[in-house]
file coords.cif (mmCIF, C-alpha atoms and all ligand atoms)
data_coords
loop_
_atom_site.group_PDB
_atom_site.id
_atom_site.type_symbol
_atom_site.label_atom_id
_atom_site.label_comp_id
_atom_site.auth_asym_id
_atom_site.auth_seq_id
_atom_site.Cartn_x
_atom_site.Cartn_y
_atom_site.Cartn_z
ATOM 1 C CA ILE A 1240 56.611 -5.945 0.728
ATOM 2 C CA ALA A 1241 58.504 -3.276 -1.191
ATOM 3 C CA ASP A 1242 61.029 -3.207 1.674
ATOM 4 C CA LEU A 1243 62.349 -6.455 0.155
ATOM 5 C CA SER A 1244 64.143 -6.262 -3.178
ATOM 6 C CA PRO A 1245 63.202 -9.065 -5.600
ATOM 7 C CA ALA A 1246 66.509 -10.751 -4.742
ATOM 8 C CA GLU A 1247 65.813 -10.498 -1.002
ATOM 9 C CA ALA A 1248 62.283 -11.829 -1.448
ATOM 10 C CA CYS A 1249 63.671 -14.777 -3.410
ATOM 11 C CA ALA A 1250 66.293 -15.384 -0.721
ATOM 12 C CA VAL A 1251 63.528 -15.562 1.907
ATOM 13 C CA LEU A 1252 61.537 -17.974 -0.271
ATOM 14 C CA ALA A 1253 64.602 -20.124 -0.890
ATOM 15 C CA ALA A 1254 65.317 -20.236 2.850
ATOM 16 C CA ALA A 1255 61.693 -21.216 3.482
ATOM 17 C CA THR A 1256 62.042 -24.043 0.980
ATOM 18 C CA ARG A 1257 65.062 -25.351 2.884
ATOM 19 C CA VAL A 1258 63.129 -25.567 6.166
ATOM 20 C CA LEU A 1259 59.954 -26.932 4.584
ATOM 21 C CA PRO A 1260 60.319 -30.435 6.131
ATOM 22 C CA LEU A 1261 60.333 -28.738 9.527
ATOM 23 C CA ALA A 1262 57.130 -26.868 8.698
ATOM 24 C CA GLU A 1263 55.516 -30.023 7.335
ATOM 25 C CA GLY A 1264 56.574 -32.085 10.314
ATOM 26 C CA THR A 1265 58.179 -34.539 7.896
ATOM 27 C CA GLY A 1266 61.749 -33.946 9.053
ATOM 28 C CA ALA A 1267 63.349 -33.005 12.338
ATOM 29 C CA ARG A 1268 60.885 -31.316 14.700
ATOM 30 C CA GLU A 1269 63.269 -28.542 15.656
ATOM 31 C CA LEU A 1270 66.169 -26.550 14.244
ATOM 32 C CA PRO A 1271 67.260 -24.530 17.277
ATOM 33 C CA ILE A 1272 69.205 -21.815 15.475
ATOM 34 C CA LEU A 1273 67.279 -19.120 17.362
ATOM 35 C CA ARG A 1274 67.747 -20.655 20.816
ATOM 36 C CA GLY A 1275 67.948 -17.793 23.290
ATOM 37 C CA ALA A 1276 66.145 -15.370 20.998
ATOM 38 C CA GLN A 1277 62.950 -13.741 22.249
ATOM 39 C CA ILE A 1278 60.177 -12.677 19.923
ATOM 40 C CA LEU A 1279 57.509 -10.211 21.047
ATOM 41 C CA SER A 1280 54.101 -10.871 19.491
ATOM 42 C CA VAL A 1281 51.625 -7.970 19.546
ATOM 43 C CA PHE A 1282 48.308 -8.798 17.866
ATOM 44 C CA SER A 1283 45.587 -6.241 18.529
ATOM 45 C CA GLU A 1284 43.375 -7.567 15.729
ATOM 46 C CA PRO A 1285 41.938 -11.081 15.441
ATOM 47 C CA SER A 1286 44.130 -13.730 13.822
ATOM 48 C CA THR A 1287 44.274 -17.510 13.691
ATOM 49 C CA ARG A 1288 46.769 -18.427 10.950
ATOM 50 C CA THR A 1289 49.282 -15.592 11.161
ATOM 51 C CA ARG A 1290 49.598 -15.408 14.937
ATOM 52 C CA LEU A 1291 49.829 -19.153 15.434
ATOM 53 C CA SER A 1292 52.126 -19.792 12.480
ATOM 54 C CA PHE A 1293 54.572 -17.142 13.668
ATOM 55 C CA GLU A 1294 54.521 -18.796 17.079
ATOM 56 C CA VAL A 1295 55.008 -22.283 15.630
ATOM 57 C CA ALA A 1296 57.805 -20.968 13.402
ATOM 58 C CA ALA A 1297 59.573 -19.322 16.332
ATOM 59 C CA ARG A 1298 59.281 -22.421 18.517
ATOM 60 C CA ARG A 1299 60.555 -24.752 15.791
ATOM 61 C CA LEU A 1300 63.645 -22.531 15.582
ATOM 62 C CA GLY A 1301 64.095 -22.633 19.359
ATOM 63 C CA ALA A 1302 63.021 -19.029 20.060
ATOM 64 C CA GLU A 1303 60.701 -17.959 22.853
ATOM 65 C CA VAL A 1304 57.547 -15.990 22.101
ATOM 66 C CA VAL A 1305 56.068 -13.440 24.483
ATOM 67 C CA HIS A 1306 52.593 -12.059 23.777
ATOM 68 C CA PHE A 1307 51.589 -8.517 24.668
ATOM 69 C CA VAL A 1308 48.104 -7.057 24.476
ATOM 70 C CA GLN A 1309 47.494 -3.395 25.208
ATOM 71 C CA ASP A 1310 44.305 -3.972 27.156
ATOM 72 C CA ALA A 1311 42.934 -3.358 30.641
ATOM 73 C CA ALA A 1312 45.586 -5.700 32.060
ATOM 74 C CA SER A 1313 48.412 -3.548 30.674
ATOM 75 C CA SER A 1314 49.594 -0.168 31.925
ATOM 76 C CA ALA A 1315 47.751 1.480 29.032
ATOM 77 C CA SER A 1316 44.872 1.417 31.531
ATOM 78 C CA LYS A 1317 46.991 3.668 33.818
ATOM 79 C CA GLY A 1318 47.574 6.246 31.101
ATOM 80 C CA GLU A 1319 50.854 5.003 29.608
ATOM 81 C CA SER A 1320 51.292 6.115 26.016
ATOM 82 C CA GLU A 1321 51.951 3.576 23.287
ATOM 83 C CA ARG A 1322 55.348 5.146 22.604
ATOM 84 C CA ASP A 1323 56.404 4.783 26.248
ATOM 85 C CA ALA A 1324 55.127 1.202 26.338
ATOM 86 C CA LEU A 1325 57.111 0.340 23.207
ATOM 87 C CA GLN A 1326 60.303 1.901 24.569
ATOM 88 C CA ASN A 1327 59.901 -0.066 27.796
ATOM 89 C CA LEU A 1328 59.272 -3.303 25.916
ATOM 90 C CA ASP A 1329 62.300 -2.594 23.750
ATOM 91 C CA ALA A 1330 64.398 -2.123 26.891
ATOM 92 C CA MET A 1331 63.640 -5.770 27.721
ATOM 93 C CA GLY A 1332 65.833 -6.777 24.791
ATOM 94 C CA PHE A 1333 63.496 -8.528 22.363
ATOM 95 C CA ASP A 1334 65.179 -9.573 19.149
ATOM 96 C CA ALA A 1335 62.152 -9.045 16.942
ATOM 97 C CA VAL A 1336 58.591 -7.819 17.219
ATOM 98 C CA VAL A 1337 55.723 -9.256 15.193
ATOM 99 C CA VAL A 1338 52.824 -6.831 15.010
ATOM 100 C CA ARG A 1339 49.293 -6.941 13.656
ATOM 101 C CA ASP A 1340 47.283 -3.783 14.053
ATOM 102 C CA ARG A 1341 44.055 -2.339 12.670
ATOM 103 C CA ARG A 1342 45.809 0.980 11.932
ATOM 104 C CA ASP A 1343 47.658 1.398 8.622
ATOM 105 C CA GLY A 1344 51.379 2.059 8.981
ATOM 106 C CA VAL A 1345 51.836 0.943 12.602
ATOM 107 C CA PRO A 1346 54.693 -1.527 11.910
ATOM 108 C CA ARG A 1347 56.694 1.133 10.084
ATOM 109 C CA ALA A 1348 55.989 3.694 12.818
ATOM 110 C CA TRP A 1349 57.269 1.229 15.425
ATOM 111 C CA THR A 1350 60.588 0.954 13.594
ATOM 112 C CA GLU A 1351 61.145 4.611 14.548
ATOM 113 C CA VAL A 1352 60.735 3.796 18.249
ATOM 114 C CA MET A 1353 62.197 0.325 18.681
ATOM 115 C CA ARG A 1354 65.639 -1.172 18.283
ATOM 116 C CA ALA A 1355 64.199 -4.634 17.681
ATOM 117 C CA ARG A 1356 63.381 -5.596 14.081
ATOM 118 C CA VAL A 1357 59.684 -5.149 13.364
ATOM 119 C CA VAL A 1358 57.781 -7.662 11.234
ATOM 120 C CA ASN A 1359 54.445 -6.611 9.743
ATOM 121 C CA ALA A 1360 51.812 -9.299 10.342
ATOM 122 C CA GLY A 1361 49.074 -7.192 8.741
ATOM 123 C CA ASP A 1362 48.337 -3.488 9.217
ATOM 124 C CA GLY A 1363 44.841 -2.198 8.591
ATOM 125 C CA VAL A 1364 44.016 -2.113 4.896
ATOM 126 C CA ASN A 1365 47.628 -1.499 4.002
ATOM 127 C CA GLU A 1366 49.748 -4.649 3.675
ATOM 128 C CA HIS A 1367 50.276 -8.263 4.734
ATOM 129 C CA PRO A 1368 53.776 -8.988 3.440
ATOM 130 C CA THR A 1369 54.389 -12.430 4.945
ATOM 131 C CA GLN A 1370 51.106 -13.598 3.399
ATOM 132 C CA ALA A 1371 52.398 -12.378 0.023
ATOM 133 C CA LEU A 1372 55.615 -14.321 0.519
ATOM 134 C CA LEU A 1373 53.795 -17.531 1.402
ATOM 135 C CA ASP A 1374 51.365 -17.001 -1.462
ATOM 136 C CA ALA A 1375 54.268 -16.579 -3.864
ATOM 137 C CA LEU A 1376 55.882 -19.754 -2.540
ATOM 138 C CA THR A 1377 52.575 -21.617 -2.974
ATOM 139 C CA ILE A 1378 52.412 -20.569 -6.623
ATOM 140 C CA LEU A 1379 56.063 -21.346 -7.351
ATOM 141 C CA GLU A 1380 55.741 -24.784 -5.737
ATOM 142 C CA ALA A 1381 52.539 -25.573 -7.650
ATOM 143 C CA PHE A 1382 54.154 -24.708 -10.980
ATOM 144 C CA GLY A 1383 57.482 -26.350 -10.214
ATOM 145 C CA ARG A 1384 59.502 -23.155 -10.270
ATOM 146 C CA ALA A 1385 62.422 -22.237 -8.029
ATOM 147 C CA PRO A 1386 62.456 -18.853 -6.271
ATOM 148 C CA ALA A 1387 64.304 -16.559 -8.672
ATOM 149 C CA GLN A 1388 63.795 -13.205 -10.286
ATOM 150 C CA GLY A 1389 61.167 -13.515 -13.002
ATOM 151 C CA ALA A 1390 60.020 -16.867 -11.610
ATOM 152 C CA MET A 1391 56.331 -16.062 -12.224
ATOM 153 C CA THR A 1392 56.819 -14.988 -15.833
ATOM 154 C CA GLY A 1393 54.060 -16.338 -18.067
ATOM 155 C CA LEU A 1394 51.619 -16.919 -15.203
ATOM 156 C CA ARG A 1395 48.286 -15.105 -15.135
ATOM 157 C CA VAL A 1396 47.044 -14.441 -11.594
ATOM 158 C CA ALA A 1397 43.483 -13.293 -10.855
ATOM 159 C CA VAL A 1398 42.892 -11.651 -7.454
ATOM 160 C CA CYS A 1399 39.143 -11.459 -6.868
ATOM 161 C CA GLY A 1400 36.897 -9.938 -4.218
ATOM 162 C CA ASP A 1401 37.530 -7.003 -1.900
ATOM 163 C CA VAL A 1402 40.772 -5.754 -3.422
ATOM 164 C CA ARG A 1403 40.239 -2.274 -2.022
ATOM 165 C CA HIS A 1404 40.328 -3.275 1.651
ATOM 166 C CA GLY A 1405 42.327 -6.477 1.162
ATOM 167 C CA ARG A 1406 45.830 -5.959 2.519
ATOM 168 C CA VAL A 1407 46.693 -9.409 1.159
ATOM 169 C CA ALA A 1408 45.817 -8.192 -2.333
ATOM 170 C CA HIS A 1409 48.015 -5.123 -1.942
ATOM 171 C CA SER A 1410 51.091 -7.119 -0.940
ATOM 172 C CA ASP A 1411 50.354 -10.048 -3.285
ATOM 173 C CA LEU A 1412 50.028 -7.888 -6.377
ATOM 174 C CA GLN A 1413 53.248 -5.991 -5.721
ATOM 175 C CA LEU A 1414 55.246 -9.169 -5.155
ATOM 176 C CA PHE A 1415 53.689 -11.177 -7.982
ATOM 177 C CA ARG A 1416 54.317 -8.329 -10.433
ATOM 178 C CA THR A 1417 57.896 -8.041 -9.217
ATOM 179 C CA LEU A 1418 58.356 -11.743 -9.921
ATOM 180 C CA GLY A 1419 56.961 -11.372 -13.449
ATOM 181 C CA ALA A 1420 53.309 -12.451 -13.186
ATOM 182 C CA GLN A 1421 50.544 -10.878 -15.217
ATOM 183 C CA CYS A 1422 47.907 -9.794 -12.658
ATOM 184 C CA VAL A 1423 44.227 -9.013 -13.036
ATOM 185 C CA VAL A 1424 41.756 -8.001 -10.327
ATOM 186 C CA ALA A 1425 37.972 -8.034 -10.122
ATOM 187 C CA GLY A 1426 35.478 -7.171 -7.430
ATOM 188 C CA PRO A 1427 31.960 -5.875 -6.886
ATOM 189 C CA GLY A 1428 31.068 -2.191 -6.951
ATOM 190 C CA ASP A 1429 34.101 -0.064 -6.227
ATOM 191 C CA LEU A 1430 35.995 -2.792 -4.376
ATOM 192 C CA ALA A 1431 38.499 -3.185 -7.237
ATOM 193 C CA PRO A 1432 39.292 0.457 -8.067
ATOM 194 C CA PRO A 1433 41.190 0.981 -11.360
ATOM 195 C CA GLU A 1434 43.595 3.553 -9.869
ATOM 196 C CA LEU A 1435 44.572 1.149 -7.073
ATOM 197 C CA ALA A 1436 44.976 -1.685 -9.568
ATOM 198 C CA ALA A 1437 47.163 0.480 -11.791
ATOM 199 C CA ARG A 1438 49.347 1.474 -8.835
ATOM 200 C CA LEU A 1439 49.797 -2.214 -8.006
ATOM 201 C CA GLY A 1440 50.558 -3.160 -11.606
ATOM 202 C CA ALA A 1441 47.288 -4.999 -12.319
ATOM 203 C CA THR A 1442 44.476 -4.575 -14.803
ATOM 204 C CA VAL A 1443 40.792 -4.636 -13.829
ATOM 205 C CA ALA A 1444 38.334 -7.132 -15.299
ATOM 206 C CA PRO A 1445 34.663 -6.106 -15.328
ATOM 207 C CA SER A 1446 33.416 -9.443 -14.007
ATOM 208 C CA LEU A 1447 34.644 -12.470 -12.125
ATOM 209 C CA ASP A 1448 34.263 -14.632 -15.227
ATOM 210 C CA GLU A 1449 36.486 -12.325 -17.261
ATOM 211 C CA ALA A 1450 39.112 -12.232 -14.517
ATOM 212 C CA LEU A 1451 39.169 -16.019 -14.262
ATOM 213 C CA ALA A 1452 39.298 -16.654 -18.026
ATOM 214 C CA GLY A 1453 42.610 -18.379 -18.725
ATOM 215 C CA ALA A 1454 44.035 -17.647 -15.268
ATOM 216 C CA ASP A 1455 46.649 -20.008 -13.828
ATOM 217 C CA VAL A 1456 45.969 -18.863 -10.285
ATOM 218 C CA ALA A 1457 42.754 -17.630 -8.672
ATOM 219 C CA VAL A 1458 43.248 -15.848 -5.356
ATOM 220 C CA MET A 1459 39.830 -15.435 -3.750
ATOM 221 C CA LEU A 1460 39.357 -12.797 -1.048
ATOM 222 C CA ARG A 1461 36.558 -12.320 1.443
ATOM 223 C CA ILE A 1462 34.709 -9.044 1.766
ATOM 224 C CA GLN A 1463 36.319 -7.209 4.672
ATOM 225 C CA ARG A 1464 33.002 -6.316 6.303
ATOM 226 C CA GLU A 1465 34.726 -4.969 9.404
ATOM 227 C CA ARG A 1466 36.370 -2.278 7.245
ATOM 228 C CA LEU A 1467 33.428 -1.242 5.062
ATOM 229 C CA GLY A 1468 31.858 2.163 5.495
ATOM 230 C CA ALA A 1469 28.116 2.433 6.009
ATOM 231 C CA ASP A 1470 27.874 3.731 2.443
ATOM 232 C CA VAL A 1471 29.037 0.445 0.877
ATOM 233 C CA ALA A 1472 26.185 -1.925 0.056
ATOM 234 C CA ILE A 1473 27.141 -5.581 -0.293
ATOM 235 C CA PRO A 1474 24.582 -8.101 -1.583
ATOM 236 C CA ASP A 1475 23.402 -10.953 0.605
ATOM 237 C CA ALA A 1476 25.517 -14.123 0.644
ATOM 238 C CA ALA A 1477 23.519 -15.984 -2.018
ATOM 239 C CA SER A 1478 23.507 -13.054 -4.462
ATOM 240 C CA TYR A 1479 27.202 -12.423 -3.851
ATOM 241 C CA HIS A 1480 27.991 -16.077 -4.471
ATOM 242 C CA ALA A 1481 26.040 -16.055 -7.737
ATOM 243 C CA ALA A 1482 27.931 -13.043 -9.068
ATOM 244 C CA TRP A 1483 31.332 -13.217 -7.338
ATOM 245 C CA GLY A 1484 31.719 -16.705 -5.892
ATOM 246 C CA LEU A 1485 34.178 -19.258 -7.244
ATOM 247 C CA THR A 1486 31.951 -22.218 -8.111
ATOM 248 C CA PRO A 1487 32.750 -25.560 -9.776
ATOM 249 C CA ALA A 1488 31.231 -24.159 -12.999
ATOM 250 C CA ARG A 1489 33.581 -21.171 -12.915
ATOM 251 C CA LEU A 1490 36.600 -23.427 -12.356
ATOM 252 C CA ARG A 1491 36.194 -24.459 -15.982
ATOM 253 C CA LEU A 1492 37.147 -20.911 -17.026
ATOM 254 C CA LEU A 1493 40.637 -21.307 -15.565
ATOM 255 C CA ALA A 1494 43.680 -22.525 -17.504
ATOM 256 C CA PRO A 1495 44.482 -26.254 -17.374
ATOM 257 C CA GLY A 1496 46.414 -27.054 -14.193
ATOM 258 C CA ALA A 1497 45.232 -23.874 -12.469
ATOM 259 C CA ILE A 1498 45.234 -23.561 -8.703
ATOM 260 C CA VAL A 1499 42.870 -21.859 -6.256
ATOM 261 C CA MET A 1500 44.121 -19.942 -3.247
ATOM 262 C CA HIS A 1501 42.572 -18.017 -0.367
ATOM 263 C CA PRO A 1502 44.419 -16.413 2.565
ATOM 264 C CA GLY A 1503 41.623 -17.330 4.974
ATOM 265 C CA PRO A 1504 39.419 -17.063 6.825
ATOM 266 C CA ILE A 1505 37.164 -18.369 4.066
ATOM 267 C CA ASN A 1506 33.461 -17.647 3.902
ATOM 268 C CA ARG A 1507 32.051 -20.836 2.410
ATOM 269 C CA GLY A 1508 29.172 -20.309 0.059
ATOM 270 C CA VAL A 1509 30.066 -16.637 -0.321
ATOM 271 C CA GLU A 1510 33.337 -16.009 -2.198
ATOM 272 C CA ILE A 1511 34.086 -19.718 -2.594
ATOM 273 C CA ALA A 1512 31.992 -22.872 -2.861
ATOM 274 C CA ASP A 1513 32.632 -25.806 -0.545
ATOM 275 C CA ALA A 1514 33.452 -28.055 -3.500
ATOM 276 C CA VAL A 1515 36.129 -25.621 -4.690
ATOM 277 C CA ALA A 1516 37.640 -24.924 -1.271
ATOM 278 C CA ASP A 1517 37.919 -28.653 -0.594
ATOM 279 C CA GLY A 1518 38.560 -29.754 -4.176
ATOM 280 C CA PRO A 1519 41.670 -30.800 -6.108
ATOM 281 C CA HIS A 1520 42.491 -27.278 -7.367
ATOM 282 C CA SER A 1521 42.619 -25.884 -3.843
ATOM 283 C CA ARG A 1522 45.984 -25.017 -2.277
ATOM 284 C CA ILE A 1523 44.392 -23.303 0.717
ATOM 285 C CA LEU A 1524 45.759 -25.606 3.409
ATOM 286 C CA ARG A 1525 49.099 -25.855 1.627
ATOM 287 C CA GLN A 1526 49.318 -22.060 1.954
ATOM 288 C CA VAL A 1527 49.085 -22.479 5.712
ATOM 289 C CA THR A 1528 51.883 -25.047 5.859
ATOM 290 C CA LEU A 1529 54.104 -22.942 3.621
ATOM 291 C CA GLY A 1530 53.280 -19.993 5.880
ATOM 292 C CA VAL A 1531 55.085 -21.678 8.752
ATOM 293 C CA ALA A 1532 58.185 -22.164 6.583
ATOM 294 C CA VAL A 1533 58.090 -18.579 5.310
ATOM 295 C CA ARG A 1534 57.730 -17.217 8.829
ATOM 296 C CA MET A 1535 60.704 -19.290 9.972
ATOM 297 C CA ALA A 1536 62.734 -17.643 7.223
ATOM 298 C CA VAL A 1537 61.412 -14.183 8.090
ATOM 299 C CA LEU A 1538 62.122 -14.578 11.819
ATOM 300 C CA ALA A 1539 65.622 -15.909 11.169
ATOM 301 C CA ARG A 1540 66.297 -12.940 8.897
ATOM 302 C CA ALA A 1541 64.895 -10.522 11.491
ATOM 303 C CA CYS A 1542 67.198 -12.051 14.119
ATOM 304 C CA GLY A 1543 70.194 -11.859 11.779
ATOM 305 C CA VAL A 1544 70.616 -15.631 11.490
ATOM 306 C CA GLU A 1545 70.978 -17.378 8.162
ATOM 307 C CA LEU A 1546 68.850 -20.461 7.479
ATOM 308 C CA LEU A 1547 71.222 -22.875 5.780
HETATM 309 N N1 LIG B 1 45.595 -15.015 6.390
HETATM 310 C C1 LIG B 1 45.454 -14.422 7.586
HETATM 311 O O1 LIG B 1 45.997 -13.338 7.838
HETATM 312 O O2 LIG B 1 44.681 -15.112 8.478
HETATM 313 P P1 LIG B 1 44.490 -14.696 10.004
HETATM 314 O O3 LIG B 1 43.749 -13.391 10.022
HETATM 315 O O4 LIG B 1 43.745 -15.816 10.646
HETATM 316 O O5 LIG B 1 45.865 -14.507 10.593
#

call {"tool": "encode", "arguments": {"input": "coords.cif", "output": "C-alpha cells", "more": "lines below"}}
Ligand code: CP
result
Amino acid sequence: IADLSPAEACAVLAAATRVLPLAEGTGARELPILRGAQILSVFSEPSTRTRLSFEVAARRLGAEVVHFVQDAASSASKGESERDALQNLDAMGFDAVVVRDRRDGVPRAWTEVMRARVVNAGDGVNEHPTQALLDALTILEAFGRAPAQGAMTGLRVAVCGDVRHGRVAHSDLQLFRTLGAQCVVAGPGDLAPPELAARLGATVAPSLDEALAGADVAVMLRIQRERLGADVAIPDAASYHAAWGLTPARLRLLAPGAIVMHPGPINRGVEIADAVADGPHSRILRQVTLGVAVRMAVLARACGVELL
C-alpha cells in the first residue's frame, strides 16, 4: 500500500466513487474503457471475494480476464521455472497481472520479470492493498467523508484478531494512519505484537473490550489458522468467542454511529456473532460492493486509463 502516496490512494478512491453505480448495478452495466485490454489472473491461494471482484471489475470495464494456475496442467509439470513461465506469459502482451500468492513478496518480485503492471491481490502474511483501499472507502462512505488527505482524522479504528498474520491488517493500518485515523489493535497471545503495531502506527490494547471502547470502526479479523505454527495454541471456538468475539454486548462499547467491518471470510460464532455480522452496524457486504468499484479503479490505473 505504501507504493501509493496518500494523494494517489485518494485518487483511486475518488475514481472508485465515480464508478460506484456500475459496481452496485444501479447504473449502466458496462463502461467499456478497457475494451481490448487483457488481464492475467494468477491465484495460487484460495479466494472468493478478491478473485471474483477483480474479474467482475475487469468485465464491467470491457477487459478480458485470463486465468493461469501453475498446476499439473501447466508446463511447470515439465520442469519450467516460474521465471521462464512469467516471461512467456508476458510475451503474450497482457496489460496487467493480478496475483495472489502464499509467499510474501511475490507481486513485487514479479515486477522485476514482467513488463505488465502487477497488482497485489494478497501475498502471504505481507499485504492486501486493494482490501485496504476498499476498507478505507467503506469507512469514508459510512462517515460521509470525501477521499482526501486527512479524511480519517478524528476517527478511532480498532483492528482486532490475528493482526500478526493478517495481511489485511498490515495494509489497513498503514493506509488508515496515512489518512489520519487513530488506530488500535488487539489480539490473543502474541497475535498483536507491539513492535509490529508500532511499525504500522498503531497502539496495542490488552483486551478486545479496551480496543473497542469508543471506537468508530471495528475491523474484525479471523485467525489465519493456515499460517499458524504448531507452537501457537488457539482456544476452541466457544472460548475464543467469549474472549475475542464481537458480540451484541460488546457493540455497546463502540462510539455512537460506529460501524463493523470484516474482510471475509467470516467465522460466525468465533470472531463475530451472527447478530453482529447481520446487524445494522455491519458494513461487511457493503465492503464487497465497494471492492468491485475499487478494483475497477485499480485496473484502469494499471492499464493507464483514467476513470472519468
Ligand atoms: N477479503 C478477501 O481477501 O477474501 P477472499 O480471500 O475470499 O478473496

call {"tool": "residues_near_ligand", "arguments": {"input": "coords.cif", "ligand": "ligand LIG 1 (chain B)", "cutoff": "6 Å", "atoms": "only C-alpha atoms and all ligand atoms", "output": "ChimeraX atom specification"}}
result
/A:1286-1290,1502-1504

call {"tool": "write_last_selection", "arguments": {"input": "coords.cif", "atoms": "C-alpha atoms", "output": "PDB file, in the coordinates of the input"}}
result
ATOM      1  CA  SER A1286      44.130 -13.730  13.822  1.00  0.00           C
ATOM      2  CA  THR A1287      44.274 -17.510  13.691  1.00  0.00           C
ATOM      3  CA  ARG A1288      46.769 -18.427  10.950  1.00  0.00           C
ATOM      4  CA  THR A1289      49.282 -15.592  11.161  1.00  0.00           C
ATOM      5  CA  ARG A1290      49.598 -15.408  14.937  1.00  0.00           C
ATOM      6  CA  PRO A1502      44.419 -16.413   2.565  1.00  0.00           C
ATOM      7  CA  GLY A1503      41.623 -17.330   4.974  1.00  0.00           C
ATOM      8  CA  PRO A1504      39.419 -17.063   6.825  1.00  0.00           C
TER       9      PRO A1504
END

call {"tool": "closest_atom_pairs", "arguments": {"input": "coords.cif", "of": "range 1262-1312 of chain A", "to": "range 1339-1352 of chain A", "cutoff": "6 Å", "atoms": "all atoms listed in the file", "output": "CSV"}}
result
residue,atom,partner,partner_atom,distance
A:Phe1282,CA,A:Arg1339,CA,4.7
A:Ser1283,CA,A:Asp1340,CA,5.4
A:Glu1284,CA,A:Asp1340,CA,5.7

call {"tool": "closest_residue", "arguments": {"input": "coords.cif", "among": "A:Ala1390, A:Val1295, A:Val1336, A:Leu1414", "to": "Asp1242 in chain A", "atoms": "only C-alpha atoms"}}
result
A:Leu1414

call {"tool": "resolve_selection", "arguments": {"input": "coords.cif", "expression": "the PyMOL selection byres (((chain A and resi 1407) around 9) and not hetatm)", "output": "PDB file with C-alpha atoms, keeping the file's coordinate frame"}}
result
ATOM      1  CA  GLY A1361      49.074  -7.192   8.741  1.00  0.00           C
ATOM      2  CA  VAL A1364      44.016  -2.113   4.896  1.00  0.00           C
ATOM      3  CA  ASN A1365      47.628  -1.499   4.002  1.00  0.00           C
ATOM      4  CA  GLU A1366      49.748  -4.649   3.675  1.00  0.00           C
ATOM      5  CA  HIS A1367      50.276  -8.263   4.734  1.00  0.00           C
ATOM      6  CA  PRO A1368      53.776  -8.988   3.440  1.00  0.00           C
ATOM      7  CA  GLN A1370      51.106 -13.598   3.399  1.00  0.00           C
ATOM      8  CA  ALA A1371      52.398 -12.378   0.023  1.00  0.00           C
ATOM      9  CA  VAL A1402      40.772  -5.754  -3.422  1.00  0.00           C
ATOM     10  CA  HIS A1404      40.328  -3.275   1.651  1.00  0.00           C
ATOM     11  CA  GLY A1405      42.327  -6.477   1.162  1.00  0.00           C
ATOM     12  CA  ARG A1406      45.830  -5.959   2.519  1.00  0.00           C
ATOM     13  CA  ALA A1408      45.817  -8.192  -2.333  1.00  0.00           C
ATOM     14  CA  HIS A1409      48.015  -5.123  -1.942  1.00  0.00           C
ATOM     15  CA  SER A1410      51.091  -7.119  -0.940  1.00  0.00           C
ATOM     16  CA  ASP A1411      50.354 -10.048  -3.285  1.00  0.00           C
ATOM     17  CA  LEU A1412      50.028  -7.888  -6.377  1.00  0.00           C
ATOM     18  CA  LEU A1460      39.357 -12.797  -1.048  1.00  0.00           C
ATOM     19  CA  PRO A1502      44.419 -16.413   2.565  1.00  0.00           C
TER      20      PRO A1502
END

call {"tool": "resolve_selection", "arguments": {"input": "coords.cif", "expression": "the PyMOL selection byres (((chain A and resi 1415) around 12) and not hetatm)", "output": "JSON, numbers by chain"}}
result
{"A": [1240, 1241, 1245, 1248, 1249, 1368, 1370, 1371, 1372, 1373, 1374, 1375, 1376, 1377, 1378, 1379, 1386, 1387, 1388, 1389, 1390, 1391, 1392, 1393, 1394, 1395, 1396, 1397, 1398, 1407, 1408, 1409, 1410, 1411, 1412, 1413, 1414, 1416, 1417, 1418, 1419, 1420, 1421, 1422, 1423, 1439, 1440, 1441, 1456, 1458]}

call {"tool": "atom_distance", "arguments": {"input": "coords.cif", "atom1": "CA of Ala1494 in chain A", "atom2": "CA of Ala1457 in chain A"}}
result
10.1 Å

call {"tool": "atom_distance", "arguments": {"input": "coords.cif", "atom1": "CA of Leu1325 in chain A", "atom2": "CA of Arg1354 in chain A"}}
result
10.0 Å

call {"tool": "closest_residue", "arguments": {"input": "coords.cif", "among": "A:Ala1381, A:Ala1481, A:Ile1511, A:Leu1524", "to": "Gly1496 in chain A", "atoms": "all atoms listed in the file"}}
result
A:Ala1381

call {"tool": "atom_distance", "arguments": {"input": "coords.cif", "atom1": "CA of Ile1272 in chain A", "atom2": "CA of Ile1523 in chain A"}}
result
28.9 Å

call {"tool": "residues_near_point", "arguments": {"input": "coords.cif", "point": "(31.8, -3.1, 5.3)", "cutoff": "12 Å", "atoms": "only C-alpha atoms", "output": "ChimeraX atom specification"}}
result
/A:1401,1403-1405,1430,1461-1474

call {"tool": "resolve_selection", "arguments": {"input": "coords.cif", "expression": "the PyMOL selection byres (((chain A and resi 1268) around 12) and not hetatm)", "output": "short mmCIF file (atom, residue, chain, number, x, y, z; two decimals) with C-alpha atoms, in the frame of the given file"}}
result
data_model
loop_
_atom_site.label_atom_id
_atom_site.label_comp_id
_atom_site.auth_asym_id
_atom_site.auth_seq_id
_atom_site.Cartn_x
_atom_site.Cartn_y
_atom_site.Cartn_z
CA VAL A 1258 63.13 -25.57 6.17
CA LEU A 1259 59.95 -26.93 4.58
CA PRO A 1260 60.32 -30.44 6.13
CA LEU A 1261 60.33 -28.74 9.53
CA ALA A 1262 57.13 -26.87 8.70
CA GLU A 1263 55.52 -30.02 7.34
CA GLY A 1264 56.57 -32.08 10.31
CA THR A 1265 58.18 -34.54 7.90
CA GLY A 1266 61.75 -33.95 9.05
CA ALA A 1267 63.35 -33.01 12.34
CA GLU A 1269 63.27 -28.54 15.66
CA LEU A 1270 66.17 -26.55 14.24
CA PRO A 1271 67.26 -24.53 17.28
CA VAL A 1295 55.01 -22.28 15.63
CA ALA A 1296 57.80 -20.97 13.40
CA ARG A 1298 59.28 -22.42 18.52
CA ARG A 1299 60.56 -24.75 15.79
CA LEU A 1300 63.64 -22.53 15.58
CA GLY A 1301 64.10 -22.63 19.36
#

call {"tool": "closest_residue", "arguments": {"input": "coords.cif", "among": "A:Gly1400, A:Ala1355, A:Leu1490, A:Leu1451", "to": "Gly1428 in chain A", "atoms": "all atoms listed in the file"}}
result
A:Gly1400

call {"tool": "closest_residue", "arguments": {"input": "coords.cif", "among": "A:Ala1254, A:Val1304, A:Val1443, A:Ala1512", "to": "Ala1431 in chain A", "atoms": "only C-alpha atoms"}}
result
A:Val1443
